[in-house]
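Participant: Below is the file run16.txt, which contains compact mmCIF, C-alpha atoms and all ligand atoms.
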```txt
# COMPACT_ATOMS: atom_id res chain seq x y z
CA MET A 1 24.85 -20.02 -8.71
CA LYS A 2 27.30 -18.07 -10.90
CA ILE A 3 27.57 -14.29 -10.56
CA SER A 4 29.47 -12.64 -13.42
CA GLY A 5 30.27 -9.04 -14.34
CA ARG A 6 27.17 -9.11 -16.55
CA THR A 7 24.70 -10.59 -14.04
CA ARG A 8 21.43 -8.64 -14.08
CA ILE A 9 19.62 -8.04 -10.80
CA LEU A 10 15.96 -8.69 -10.09
CA GLY A 11 14.34 -8.51 -6.65
CA ILE A 12 11.48 -7.66 -4.34
CA PHE A 13 10.89 -4.68 -2.02
CA GLY A 14 8.70 -5.27 1.04
CA HIS A 15 8.56 -4.91 4.80
CA PRO A 16 8.66 -7.39 6.41
CA ILE A 17 10.17 -9.52 3.63
CA GLY A 18 11.54 -12.57 5.51
CA HIS A 19 8.70 -14.91 4.50
CA THR A 20 8.60 -14.14 0.80
CA LEU A 21 8.56 -17.14 -1.56
CA SER A 22 9.41 -15.05 -4.63
CA PRO A 23 13.24 -15.41 -4.49
CA ALA A 24 13.01 -19.22 -4.43
CA MET A 25 10.46 -19.19 -7.26
CA HIS A 26 12.31 -16.76 -9.55
CA ASN A 27 15.82 -18.09 -8.90
CA ALA A 28 14.57 -21.58 -9.81
CA ALA A 29 13.22 -20.15 -13.09
CA ILE A 30 16.50 -18.28 -13.74
CA GLU A 31 18.49 -21.46 -13.14
CA ALA A 32 16.21 -23.62 -15.28
CA LEU A 33 16.61 -21.25 -18.24
CA GLY A 34 20.38 -20.74 -17.64
CA LEU A 35 20.04 -16.94 -17.41
CA ASP A 36 22.77 -14.65 -16.06
CA MET A 37 20.44 -13.10 -13.47
CA VAL A 38 19.78 -13.21 -9.75
CA TYR A 39 16.64 -12.37 -7.71
CA ILE A 40 17.24 -10.80 -4.27
CA PRO A 41 14.87 -9.91 -1.37
CA PHE A 42 15.26 -6.31 -0.12
CA SER A 43 13.84 -5.31 3.26
CA VAL A 44 12.66 -1.76 2.56
CA ARG A 45 11.17 0.30 5.40
CA PRO A 46 8.37 2.67 4.34
CA SER A 47 10.57 5.69 5.20
CA ARG A 48 13.26 4.36 2.78
CA LEU A 49 11.04 3.48 -0.19
CA LYS A 50 12.00 6.61 -2.14
CA ASP A 51 15.73 5.83 -1.72
CA ALA A 52 15.15 2.21 -2.71
CA VAL A 53 13.25 3.16 -5.88
CA GLU A 54 16.00 5.66 -6.79
CA ALA A 55 18.51 2.80 -6.32
CA ILE A 56 16.76 0.81 -9.09
CA ARG A 57 18.08 3.48 -11.46
CA GLY A 58 21.37 4.01 -9.62
CA LEU A 59 22.28 0.32 -9.56
CA ASP A 60 20.72 -0.43 -12.96
CA ILE A 61 18.48 -3.11 -11.46
CA LEU A 62 16.43 -4.72 -14.24
CA GLY A 63 13.19 -5.46 -12.41
CA ILE A 64 11.56 -5.36 -9.00
CA ASN A 65 8.45 -6.87 -7.42
CA ILE A 66 6.65 -4.72 -4.88
CA THR A 67 4.79 -6.20 -1.94
CA ILE A 68 3.16 -5.15 1.34
CA PRO A 69 3.16 -2.30 2.39
CA HIS A 70 4.42 -0.47 -0.71
CA LYS A 71 2.07 -1.49 -3.55
CA GLU A 72 0.02 1.72 -3.54
CA VAL A 73 2.51 4.35 -2.33
CA VAL A 74 5.16 3.36 -4.89
CA ILE A 75 2.95 4.69 -7.71
CA ASP A 76 3.98 8.31 -7.11
CA LEU A 77 7.68 7.40 -7.38
CA LEU A 78 7.48 5.87 -10.89
CA ASP A 79 7.76 7.41 -14.36
CA LYS A 80 4.97 5.50 -16.09
CA LEU A 81 2.10 3.14 -15.22
CA SER A 82 0.43 0.42 -17.26
CA GLU A 83 -3.29 0.92 -17.86
CA GLU A 84 -4.04 -2.03 -15.59
CA ALA A 85 -1.88 -0.79 -12.69
CA ARG A 86 -3.62 2.58 -12.97
CA ALA A 87 -7.08 0.94 -12.91
CA ILE A 88 -6.12 -1.24 -9.93
CA GLY A 89 -4.37 1.62 -8.11
CA ALA A 90 -1.46 -0.62 -7.11
CA VAL A 91 1.85 -1.85 -8.57
CA ASN A 92 3.45 -5.25 -7.96
CA THR A 93 6.05 -5.17 -10.77
CA ILE A 94 8.53 -2.54 -11.93
CA ILE A 95 10.66 -2.76 -15.06
CA ASN A 96 13.64 -0.46 -15.55
CA SER A 97 13.69 0.50 -19.22
CA ASN A 98 16.93 2.49 -19.67
CA GLY A 99 16.32 4.46 -16.49
CA MET A 100 12.57 4.85 -17.03
CA LEU A 101 10.69 3.03 -14.27
CA ILE A 102 7.41 1.52 -15.45
CA GLY A 103 4.91 0.13 -12.92
CA LEU A 104 2.64 -2.79 -13.75
CA ASN A 105 0.30 -5.10 -11.86
CA THR A 106 0.26 -8.84 -12.64
CA ASP A 107 -1.91 -10.00 -9.70
CA GLY A 108 -5.28 -9.89 -11.50
CA GLN A 109 -4.04 -11.51 -14.72
CA GLY A 110 -2.16 -14.08 -12.65
CA TYR A 111 -5.37 -14.95 -10.84
CA LEU A 112 -7.30 -15.17 -14.11
CA ARG A 113 -4.71 -17.44 -15.75
CA SER A 114 -4.82 -19.76 -12.76
CA LEU A 115 -8.63 -19.72 -12.59
CA LYS A 116 -8.84 -20.71 -16.27
CA GLY A 117 -5.92 -23.13 -16.27
CA ASP A 118 -6.17 -24.76 -12.85
CA ALA A 119 -9.95 -24.66 -12.23
CA GLY A 120 -11.07 -24.71 -15.90
CA PHE A 121 -13.38 -21.74 -15.23
CA ASN A 122 -14.34 -19.19 -17.91
CA PRO A 123 -15.94 -16.06 -16.32
CA LYS A 124 -17.83 -14.98 -19.48
CA GLY A 125 -21.56 -14.72 -18.80
CA ARG A 126 -21.26 -16.19 -15.28
CA ASP A 127 -22.51 -15.02 -11.87
CA ILE A 128 -19.69 -14.31 -9.43
CA VAL A 129 -19.53 -13.47 -5.71
CA LEU A 130 -16.30 -11.79 -4.58
CA VAL A 131 -15.54 -11.40 -0.87
CA GLY A 132 -13.29 -8.47 0.11
CA ALA A 133 -12.53 -5.01 -1.23
CA GLY A 134 -8.79 -4.60 -0.59
CA GLY A 135 -5.82 -4.48 -2.97
CA ALA A 136 -6.08 -8.07 -4.22
CA ALA A 137 -9.84 -7.65 -4.73
CA ARG A 138 -9.24 -4.63 -6.99
CA GLY A 139 -6.77 -6.59 -9.14
CA ILE A 140 -9.02 -9.63 -9.45
CA LEU A 141 -12.09 -7.50 -10.13
CA THR A 142 -10.28 -5.63 -12.92
CA ALA A 143 -9.20 -8.90 -14.56
CA LEU A 144 -12.60 -10.62 -14.16
CA ALA A 145 -14.60 -7.62 -15.37
CA GLY A 146 -12.56 -7.61 -18.58
CA GLU A 147 -13.86 -11.14 -19.32
CA GLY A 148 -17.54 -10.10 -19.46
CA PRO A 149 -19.24 -11.94 -16.56
CA ALA A 150 -23.03 -11.50 -16.21
CA SER A 151 -22.85 -10.28 -12.60
CA ILE A 152 -20.43 -9.65 -9.74
CA ILE A 153 -21.57 -9.18 -6.15
CA ILE A 154 -18.91 -7.67 -3.87
CA ALA A 155 -19.34 -8.60 -0.20
CA ASN A 156 -17.23 -6.76 2.35
CA ARG A 157 -17.04 -6.28 6.13
CA THR A 158 -17.31 -2.52 5.54
CA THR A 159 -20.19 -2.33 3.05
CA SER A 160 -19.41 1.27 2.04
CA LYS A 161 -16.01 0.12 0.70
CA ALA A 162 -17.74 -2.46 -1.50
CA GLU A 163 -20.24 0.20 -2.62
CA SER A 164 -17.53 2.59 -3.74
CA LEU A 165 -15.83 -0.22 -5.69
CA VAL A 166 -19.15 -0.95 -7.41
CA ASP A 167 -19.68 2.75 -8.24
CA GLU A 168 -16.18 2.98 -9.71
CA PHE A 169 -16.39 -0.21 -11.78
CA LYS A 170 -19.96 0.48 -13.03
CA VAL A 171 -18.61 3.43 -14.99
CA LYS A 172 -15.98 1.29 -16.72
CA PHE A 173 -18.13 -1.85 -17.15
CA PRO A 174 -21.77 -0.73 -17.64
CA ASP A 175 -22.83 -4.13 -19.08
CA ILE A 176 -22.01 -6.08 -15.90
CA ASP A 177 -24.63 -6.32 -13.14
CA LEU A 178 -22.46 -5.08 -10.24
CA ARG A 179 -23.79 -4.98 -6.69
CA ALA A 180 -22.45 -4.55 -3.15
CA CYS A 181 -23.54 -6.23 0.07
CA ALA A 182 -22.42 -6.82 3.64
CA LEU A 183 -20.26 -9.84 4.51
CA ASP A 184 -23.21 -11.48 6.15
CA THR A 185 -24.68 -14.98 5.84
CA SER A 186 -28.29 -13.80 5.48
CA GLU A 187 -27.37 -11.35 2.68
CA LEU A 188 -25.27 -13.90 0.80
CA LYS A 189 -27.64 -16.87 1.00
CA ASP A 190 -29.61 -15.97 -2.14
CA PRO A 191 -26.69 -14.81 -4.31
CA LEU A 192 -24.81 -18.03 -3.49
CA LYS A 193 -27.74 -20.16 -4.77
CA THR A 194 -26.97 -19.10 -8.33
CA ALA A 195 -23.25 -18.26 -8.12
CA ALA A 196 -20.89 -20.14 -10.43
CA LEU A 197 -17.81 -18.76 -8.65
CA LEU A 198 -17.16 -17.58 -5.08
CA ILE A 199 -13.78 -15.97 -4.31
CA ASN A 200 -12.23 -15.08 -0.97
CA THR A 201 -9.83 -12.16 -1.44
CA THR A 202 -9.66 -11.23 2.28
CA SER A 203 -6.96 -12.36 4.66
CA LEU A 204 -9.54 -14.44 6.60
CA GLY A 205 -8.35 -18.05 6.64
CA MET A 206 -4.67 -17.12 6.99
CA GLU A 207 -2.93 -18.51 10.04
CA GLY A 208 -4.03 -16.41 13.03
CA LYS A 209 -6.52 -14.27 11.07
CA GLY A 210 -9.87 -15.93 11.87
CA ARG A 211 -12.18 -17.99 9.66
CA LEU A 212 -14.44 -17.12 6.78
CA GLU A 213 -17.85 -18.69 7.47
CA LEU A 214 -20.30 -18.67 4.55
CA PRO A 215 -23.33 -20.85 3.67
CA LEU A 216 -21.51 -22.83 0.98
CA GLU A 217 -24.20 -25.54 1.15
CA GLU A 218 -26.44 -23.11 -0.81
CA MET A 219 -24.14 -23.22 -3.87
CA PRO A 220 -25.13 -25.25 -6.93
CA GLY A 221 -23.21 -28.43 -7.82
CA GLY A 222 -20.20 -27.75 -10.06
CA ALA A 223 -19.67 -24.24 -8.66
CA VAL A 224 -16.06 -23.15 -8.06
CA VAL A 225 -14.92 -21.96 -4.62
CA SER A 226 -11.67 -20.04 -4.82
CA ASP A 227 -9.41 -18.75 -2.03
CA ILE A 228 -6.33 -16.62 -2.75
CA VAL A 229 -4.88 -17.21 0.72
CA TYR A 230 -1.88 -19.56 0.32
CA LYS A 231 -0.71 -19.92 3.95
CA PRO A 232 -2.23 -22.49 4.50
CA LEU A 233 -2.98 -23.75 1.00
CA LYS A 234 -6.08 -25.64 2.14
CA THR A 235 -8.00 -23.13 4.26
CA ASP A 236 -10.96 -24.26 6.38
CA PHE A 237 -13.14 -22.44 3.84
CA LEU A 238 -11.78 -24.63 1.01
CA LYS A 239 -11.97 -27.79 3.13
CA LYS A 240 -15.68 -27.15 3.70
CA ALA A 241 -16.20 -26.57 -0.04
CA GLN A 242 -14.36 -29.80 -0.83
CA ASP A 243 -16.48 -31.75 1.68
CA LEU A 244 -19.59 -30.41 -0.09
CA GLY A 245 -18.28 -31.68 -3.44
CA LEU A 246 -17.71 -28.20 -4.90
CA VAL A 247 -14.76 -27.44 -7.21
CA VAL A 248 -11.89 -26.05 -5.14
CA HIS A 249 -9.27 -23.53 -6.37
CA ASP A 250 -6.44 -22.49 -3.99
CA GLY A 251 -4.03 -19.51 -3.96
CA LEU A 252 -0.93 -21.34 -5.23
CA GLY A 253 -1.76 -20.86 -8.92
CA MET A 254 -2.22 -17.09 -8.57
CA LEU A 255 1.09 -16.76 -6.73
CA VAL A 256 2.93 -18.70 -9.44
CA GLN A 257 1.18 -17.07 -12.41
CA GLN A 258 1.62 -13.47 -11.19
CA GLY A 259 5.33 -14.32 -10.87
CA ALA A 260 5.40 -15.94 -14.32
CA ILE A 261 3.92 -12.81 -15.92
CA SER A 262 6.47 -10.57 -14.11
CA PHE A 263 9.28 -12.90 -15.26
CA LYS A 264 8.13 -12.55 -18.88
CA ILE A 265 7.97 -8.74 -18.53
CA TRP A 266 11.60 -8.64 -17.33
CA THR A 267 13.18 -11.35 -19.50
CA GLY A 268 10.90 -11.56 -22.54
CA LEU A 269 10.83 -15.34 -21.96
CA ASP A 270 8.01 -17.73 -21.04
CA ALA A 271 8.55 -18.73 -17.43
CA PRO A 272 8.99 -22.42 -16.52
CA VAL A 273 5.70 -22.45 -14.61
CA ASP A 274 5.81 -26.10 -13.48
CA ILE A 275 9.27 -25.64 -11.95
CA MET A 276 8.14 -22.47 -10.16
CA ARG A 277 5.02 -24.21 -8.86
CA ASN A 278 7.01 -27.17 -7.50
CA VAL A 279 9.44 -24.89 -5.67
CA VAL A 280 6.66 -22.86 -4.04
CA GLU A 281 4.65 -25.96 -3.14
CA ARG A 282 7.69 -27.54 -1.49
CA ALA A 283 8.50 -24.34 0.43
CA LEU A 284 4.91 -24.14 1.70
CA GLU A 285 4.98 -27.78 2.80
CA GLU A 286 8.23 -27.23 4.70
CA GLU A 287 6.88 -24.20 6.65
P1 LIG B 301 -5.61 -5.77 1.90
O1 LIG B 301 -5.16 -5.41 3.26
O2 LIG B 301 -5.53 -4.76 0.81
O3 LIG B 301 -7.14 -6.26 1.95
C1 LIG B 301 -7.61 -7.10 2.97
C2 LIG B 301 -9.11 -7.37 2.81
O4 LIG B 301 -9.47 -8.31 3.84
C3 LIG B 301 -10.02 -6.16 2.96
O5 LIG B 301 -11.11 -6.27 2.10
C4 LIG B 301 -10.54 -6.30 4.42
O6 LIG B 301 -11.82 -5.73 4.60
C5 LIG B 301 -10.60 -7.81 4.56
N1 LIG B 301 -10.50 -8.29 5.94
C6 LIG B 301 -9.39 -8.31 6.74
N2 LIG B 301 -9.71 -8.81 7.94
C7 LIG B 301 -11.02 -9.12 7.92
C8 LIG B 301 -11.94 -9.67 8.88
N3 LIG B 301 -11.54 -10.00 10.11
N4 LIG B 301 -13.22 -9.84 8.51
C9 LIG B 301 -13.63 -9.52 7.26
N5 LIG B 301 -12.82 -9.00 6.33
C10 LIG B 301 -11.53 -8.80 6.65
O7 LIG B 301 -4.78 -7.10 1.53
P2 LIG B 301 -4.57 -7.76 0.09
O8 LIG B 301 -3.24 -7.35 -0.44
O9 LIG B 301 -5.78 -7.52 -0.73
O10 LIG B 301 -4.44 -9.33 0.45
C11 LIG B 301 -5.52 -10.07 0.94
C12 LIG B 301 -5.16 -11.55 1.04
O11 LIG B 301 -4.84 -12.06 -0.24
C13 LIG B 301 -3.92 -11.84 1.90
O12 LIG B 301 -4.19 -13.02 2.64
C14 LIG B 301 -2.83 -12.10 0.91
O13 LIG B 301 -1.85 -13.01 1.40
C15 LIG B 301 -3.61 -12.75 -0.21
N6 LIG B 301 -2.96 -12.57 -1.53
C16 LIG B 301 -2.65 -13.70 -2.23
C17 LIG B 301 -2.04 -13.58 -3.47
C18 LIG B 301 -1.68 -14.82 -4.25
O14 LIG B 301 -0.86 -14.71 -5.15
N7 LIG B 301 -2.27 -15.97 -3.97
C19 LIG B 301 -1.78 -12.31 -4.01
C20 LIG B 301 -2.14 -11.17 -3.27
C21 LIG B 301 -2.75 -11.32 -2.02
```
Output the file's structure as structure tokens, nothing else.

Facilitator:
Amino acid sequence: MKISGRTRILGIFGHPIGHTLSPAMHNAAIEALGLDMVYIPFSVRPSRLKDAVEAIRGLDILGINITIPHKEVVIDLLDKLSEEARAIGAVNTIINSNGMLIGLNTDGQGYLRSLKGDAGFNPKGRDIVLVGAGGAARGILTALAGEGPASIIIANRTTSKAESLVDEFKVKFPDIDLRACALDTSELKDPLKTAALLINTTSLGMEGKGRLELPLEEMPGGAVVSDIVYKPLKTDFLKKAQDLGLVVHDGLGMLVQQGAISFKIWTGLDAPVDIMRNVVERALEEE
């Protein structure tokens, strides 16, 4: 890697940050396109987030990704928000435009690109079941709702959280049949019989986080089962779906595509998606 007097800095703020795959993914893209840039991980404690955001201006850093636990709190420290980041209530990408810090969110669009490209699924007019009501769920819901599905059922451990998401999104998307339910096999049995897409947006399935158990055998043939967890790539949930002959969509594509959209925001260039995917896939295999 060559660092010159003109090298522009990109990076990621998070805490902890040691396991992030973003530096490997973005530096591979930078190298492939021969750009004079470098992408650096920054371990930013919550009490230092304000200083770190101020340093984006002070050090003339071009762009920053934001990850756990800063995605929501960073909003108040920025000058401007994209419409999507405002709707989601979280930022995963900042661009420094001559000292003006603009916050965006590429998670939902990254998921949608991967769903369409990797699983060949078009949400328009379809019935969808989404599990979870956290930050990733809000991003994915925003992106999916914009595509005009027929219905979305949000199932969450805390039903009231799913209900408030439904109330909020009903105002913005009155044509979609939006409903909330508990994360419970008996409640989900019927909705799964007609669902074309089931998505896990919770951390269930991650190493050490417990399993997501749902009656996948109720789903119609050809339905897509999607899991945004990427450690491991093949969760038990996806393995069960695969054994049942359902179409399986893992979290790798979302990870790569959200990064590709951020890369385009910062550089104006189409990201070398295949190179980024290979790097991330290899890093996950080595872990
Ligand atoms: P979050 O903390 O905002 O939300 C977590 C969600 O999981 C909540 O809905 C919570 O109710 C649910 N949950 C947690 N433990 C549960 C349990 N034991 N039983 C039932 N529900 C439970 O987190 P987030 O940022 O939305 O991330 C969620 C997952 O998505 C993480 O595993 C994260 O790694 C993954 N993710 C993947 C990508 C990608 O690019 N593939 C992007 C963002 C997030």

Participant: Quick one: pull the distance between atom CA of Ile154 of chain A and atom CA of His15 of chain A, Å, one decimal.

Facilitator: 28.9 Å

Participant: Residues up to 9 Å from ligand LIG 301 (chain B), counting only C-alpha atoms and all ligand atoms: could you list those as a ChimeraX atom specification?

Facilitator: /A:67-69,71,107-108,110-111,131-139,155-158,161-162,183,200-206,209-212,227-231,250-259

Participant: Would you pick out the contacts of Lys170 of chain A at 12 Å or less, using only C-alpha atoms, so that residues sharing its chain but fewer than 3 positions from it are not included, and give the list as a VMD selection string?

Facilitator: chain A and resid 141 to 142 145 151 to 153 163 to 167 173 to 180

Participant: Name all residues at most 7 Å from Val247 of chain A (count all atoms listed in the file; drop same-chain ones fewer than 3 positions away) and give them as a list in words.

Facilitator: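 Those residues are Gly222, Ala223, Val224, Val225 and Gln242 of chain A.
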
Participant: For a quick check of understanding, using only C-alpha atoms, which of A:Leu21, A:Val129, A:Ala260, A:Val280 has the smallest distance to Leu216 of chain A?

Facilitator: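 So, comparing all the options, the nearest one is A:Val129.
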
Participant: Near Ala195 of chain A, within 12 Å and counting only C-alpha atoms, which residues show up once chain neighbours fewer than 2 positions away are dropped, as a ChimeraX atom specification?

Facilitator: /A:123,125-130,149-153,188-193,197-199,216-225,246

Participant: Would you work out the distance separating atom CA of Asp270 of chain A from atom CA of Asp36 of chain A, expressed in Å to one decimal?

Facilitator: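 We find that atom CA of Asp270 of chain A and atom CA of Asp36 of chain A lie 15.9 Å from each other.
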
Participant: Rounded to one decimal in Å, what is the spacing between atom CA of Leu284 of chain A and atom CA of Leu144 of chain A?

Facilitator: 27.2 Å

Participant: Excluding Asp60 of chain A and its own-chain neighbours fewer than 4 positions away, which residues fall within 9 Å of it when counting all atoms listed in the file? Please give them as a list in words.

Facilitator: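 Near Asp60 of chain A, the qualifying residues are Arg8, Ile9, Ala55, Ile56, Asn96, Asn98 and Gly99 of chain A.
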
Participant: I need every residue sitting at most 7 Å from the point (14.3, -9.7, -2.8) (coordinates as in the file, all atoms listed in the file considered), written as an MDAnalysis selection string.

Facilitator: chainID A and resid 11:13 23 39:42

Participant: Within 12 Å of Pro272 of chain A, counting only C-alpha atoms, which residues show up once you throw out same-chain ones fewer than 2 positions away? Write them as number ranges by chain, please.

Facilitator: A: 25-34, 256-257, 259-261, 263-264, 269-270, 274-279

Participant: For Gly18 of chain A, which residue among A:Ser82, A:Ser4, A:Ser43, A:Asn122 is the nearest when counting only C-alpha atoms?

Facilitator: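 Smallest separation from Gly18 of chain A among the options: A:Ser43.
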
Participant: Considering all atoms listed in the file, state which residue in the set A:Ile64, A:Met1, A:Leu244, A:Leu49 is at the smallest distance from Leu35 of chain A.

Facilitator: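 For Leu35 of chain A, the nearest of the given residues is A:Met1.
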
Participant: For the point (6.6, 7.2, -6.1) in the file's frame, write as a PyMOL selection string all residues with an atom no more than 10 Å away, counting only C-alpha atoms.

Facilitator: chain A and resi 49-50+53-54+70+72-79+103

Participant: Restricting it to C-alpha atoms, dump the selection as a CSV table (one decimal), in the frame of the given file.

Facilitator:
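The resulting file, part_17.csv, is shown below:
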```
chain,number,residue,atom,x,y,z
A,49,LEU,CA,11.0,3.5,-0.2
A,50,LYS,CA,12.0,6.6,-2.1
A,53,VAL,CA,13.2,3.2,-5.9
A,54,GLU,CA,16.0,5.7,-6.8
A,70,HIS,CA,4.4,-0.5,-0.7
A,72,GLU,CA,0.0,1.7,-3.5
A,73,VAL,CA,2.5,4.4,-2.3
A,74,VAL,CA,5.2,3.4,-4.9
A,75,ILE,CA,3.0,4.7,-7.7
A,76,ASP,CA,4.0,8.3,-7.1
A,77,LEU,CA,7.7,7.4,-7.4
A,78,LEU,CA,7.5,5.9,-10.9
A,79,ASP,CA,7.8,7.4,-14.4
A,103,GLY,CA,4.9,0.1,-12.9
```

Participant: Identify which of the residues A:Arg48, A:Lys2, A:His19, A:Lys240 lies closest to Leu214 of chain A, counting all atoms listed in the file when measuring atom-to-atom distances.

Facilitator: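 Selected residue with least distance to Leu214 of chain A: A:Lys240.
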
Participant: Kindly list the centre and edge lengths in Å, rounded to one decimal, for the axis-aligned box that covers all listed atoms of segment 24-35 of chain A plus 8 Å on each of its six sides, as JSON.

Facilitator:
```
{"center_x": 15.4, "center_y": -20.2, "center_z": -11.3, "size_x": 25.9, "size_y": 22.9, "size_z": 29.8}
```

Participant: Using only C-alpha atoms, pick whichever of A:Gly63, A:Arg282, A:Val38, A:Ala87 has the shortest atom-to-atom distance to Val171 of chain A.

Facilitator: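 Between A:Gly63, A:Arg282, A:Val38, A:Ala87, the residue approaching Val171 of chain A most closely is A:Ala87.
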